[in-house]
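Engineer: One structure, as structure tokens, below. Some questions next.
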Amino acid sequence: MSESDPIAALAATDPKQVSREEFVSLLAAASELAAADTEVDLSSLEPQQFARLISRASDEQLRDVMDRPELAERILDELFRRMGEHYRSDKAKSTEAVVRWRINLDGSTSQGSPDSDADETGVLRYECVLSGGTCTVSKIPEHEPRATVMLGPVELLKLASSNASAPMLFMTGKLKVAGDVGFAAGLTKLFQIPKA
């Protein structure tokens, strides 16, 4: 692994070949360097590389990463930042909607009110405004949501990398929706989701 380029090291890593601690350390190093405004940029990790990391990582490795709130937030911030790039305006057509995402770092789907704007410990919130063929993401809720999606961070990582299906997560209670369930059921079709 190259210490001079932690993103390249991360991209070359096979999570099945490293311990849980090594996996967390590698992600933490890349994330901390990116946050420190160095030349390291998490966006240089290609979507397919990210999907491969998630597909090869064990649930325990992913939970260990997501158990570190600052690291979880940096990774999820990058994931949501990329949503705009992966929005399929050709599929969205005239979609005008707001989707809120409630990510419970403890993995639960049932804490608090889904549309509450209050800060809650252990909860990350994102708002996606789908309008005019674009997806604009914010961490500050400003609009009335058509749907609020609630899930844990490991499930979100798997969903965003084609390593889980929304219907299966929904049926097993790992993903919940408040609001327009029918609309939320079609959300994944509006995004180009990378595959490993």
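Here, A, B, ... name the chains of the structure tokens in the order displayed, residue numbers run from 1 inside each chain, and ligands are numbered from 1 in the same displayed order.
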Do a neighbour search on segment 154-157 of chain A at 12 Å with only C-alpha atoms, toss out local chain neighbours closer than 2 positions, and write the hits as an MDAnalysis selection string.
Structural biologist: chainID A and resid 47 50:55 57:67 72 75:80 101:109 124 149:152 159:166 168:170 172:176 188 193:194
Engineer: What parts of segment 72-194 of chain A does DSSP call strand (DSSP E)? I'd like the answer as number ranges by chain.
Structural biologist: A: 97-104, 123-131, 134-138, 147-151, 175-179
Engineer: Just write the chosen residues, N, CA and C atoms, as a compact mmCIF listing (two decimals), in the first residue's frame.
Structural biologist:
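Now in again_17.txt:
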```
# COMPACT_ATOMS: atom_id res chain seq x y z
N ALA A 97 -39.32 16.77 -6.81
CA ALA A 97 -39.55 16.19 -5.49
C ALA A 97 -38.38 16.49 -4.57
N VAL A 98 -38.67 16.35 -3.29
CA VAL A 98 -37.63 16.47 -2.26
C VAL A 98 -37.61 15.14 -1.50
N VAL A 99 -36.41 14.60 -1.37
CA VAL A 99 -36.23 13.36 -0.61
C VAL A 99 -35.29 13.66 0.54
N ARG A 100 -35.72 13.32 1.73
CA ARG A 100 -34.85 13.43 2.89
C ARG A 100 -34.33 12.05 3.23
N TRP A 101 -33.10 12.04 3.64
CA TRP A 101 -32.44 10.81 4.06
C TRP A 101 -32.08 10.96 5.53
N ARG A 102 -32.45 9.98 6.31
CA ARG A 102 -32.15 9.96 7.75
C ARG A 102 -31.29 8.73 8.00
N ILE A 103 -30.01 8.96 8.26
CA ILE A 103 -29.06 7.87 8.45
C ILE A 103 -28.75 7.76 9.94
N ASN A 104 -29.22 6.70 10.53
CA ASN A 104 -29.00 6.45 11.96
C ASN A 104 -27.70 5.68 12.11
N VAL A 123 -27.39 10.85 14.28
CA VAL A 123 -28.23 10.86 13.09
C VAL A 123 -27.66 11.86 12.09
N LEU A 124 -27.45 11.41 10.86
CA LEU A 124 -27.04 12.31 9.78
C LEU A 124 -28.23 12.48 8.86
N ARG A 125 -28.45 13.70 8.42
CA ARG A 125 -29.58 14.00 7.54
C ARG A 125 -29.07 14.66 6.26
N TYR A 126 -29.71 14.28 5.17
CA TYR A 126 -29.40 14.87 3.88
C TYR A 126 -30.72 15.13 3.17
N GLU A 127 -30.73 16.17 2.36
CA GLU A 127 -31.92 16.49 1.60
C GLU A 127 -31.53 16.57 0.12
N CYS A 128 -32.24 15.82 -0.71
CA CYS A 128 -32.02 15.84 -2.15
C CYS A 128 -33.20 16.51 -2.81
N VAL A 129 -32.93 17.59 -3.51
CA VAL A 129 -33.96 18.28 -4.27
C VAL A 129 -33.81 17.86 -5.72
N LEU A 130 -34.84 17.16 -6.21
CA LEU A 130 -34.86 16.69 -7.59
C LEU A 130 -35.73 17.66 -8.37
N SER A 131 -35.10 18.47 -9.20
CA SER A 131 -35.84 19.51 -9.90
C SER A 131 -35.09 19.94 -11.17
N THR A 134 -32.01 17.98 -12.32
CA THR A 134 -30.82 17.94 -11.48
C THR A 134 -31.16 17.43 -10.08
N CYS A 135 -30.13 16.99 -9.40
CA CYS A 135 -30.25 16.57 -8.00
C CYS A 135 -29.29 17.43 -7.20
N THR A 136 -29.85 18.23 -6.30
CA THR A 136 -29.05 19.10 -5.45
C THR A 136 -29.15 18.59 -4.02
N VAL A 137 -28.00 18.36 -3.41
CA VAL A 137 -27.97 17.77 -2.07
C VAL A 137 -27.53 18.82 -1.05
N SER A 138 -28.19 18.79 0.10
CA SER A 138 -27.85 19.68 1.20
C SER A 138 -27.98 18.92 2.51
N ALA A 147 -40.80 12.26 0.38
CA ALA A 147 -40.52 11.01 1.08
C ALA A 147 -39.29 11.19 1.95
N THR A 148 -39.29 10.50 3.08
CA THR A 148 -38.12 10.44 3.95
C THR A 148 -37.70 8.99 4.03
N VAL A 149 -36.44 8.72 3.71
CA VAL A 149 -35.90 7.37 3.73
C VAL A 149 -35.02 7.24 4.97
N MET A 150 -35.29 6.21 5.77
CA MET A 150 -34.56 5.99 7.01
C MET A 150 -33.86 4.63 6.95
N LEU A 151 -32.55 4.64 7.19
CA LEU A 151 -31.80 3.40 7.20
C LEU A 151 -30.47 3.61 7.90
N LEU A 175 -34.85 -0.68 5.99
CA LEU A 175 -35.11 0.59 5.32
C LEU A 175 -36.58 0.91 5.53
N LYS A 176 -36.84 2.10 5.99
CA LYS A 176 -38.22 2.54 6.19
C LYS A 176 -38.45 3.83 5.41
N VAL A 177 -39.69 4.04 5.04
CA VAL A 177 -40.05 5.23 4.28
C VAL A 177 -41.24 5.90 4.94
N ALA A 178 -41.14 7.22 5.10
CA ALA A 178 -42.28 8.03 5.53
C ALA A 178 -42.66 8.88 4.33
N GLY A 179 -43.95 9.02 4.09
CA GLY A 179 -44.40 9.80 2.95
C GLY A 179 -44.79 8.91 1.79
```
Engineer: If we count only C-alpha atoms, what is near Ala8 of chain A at a cut-off of 12 Å, once residues fewer than 2 positions away on the same chain are taken out, given as a list in words?
Structural biologist: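 Within the cut-off, the hits are Met1, Ser2, Glu3, Ser4, Asp5, Pro6, Leu10, Ala11, Ala12, Thr13, Leu26, Leu27, Ala29, Ala30, Val40, Asp41, Leu42, Ser43, Ser44, Leu45, Glu46, Gln49 and Phe50 of chain A.
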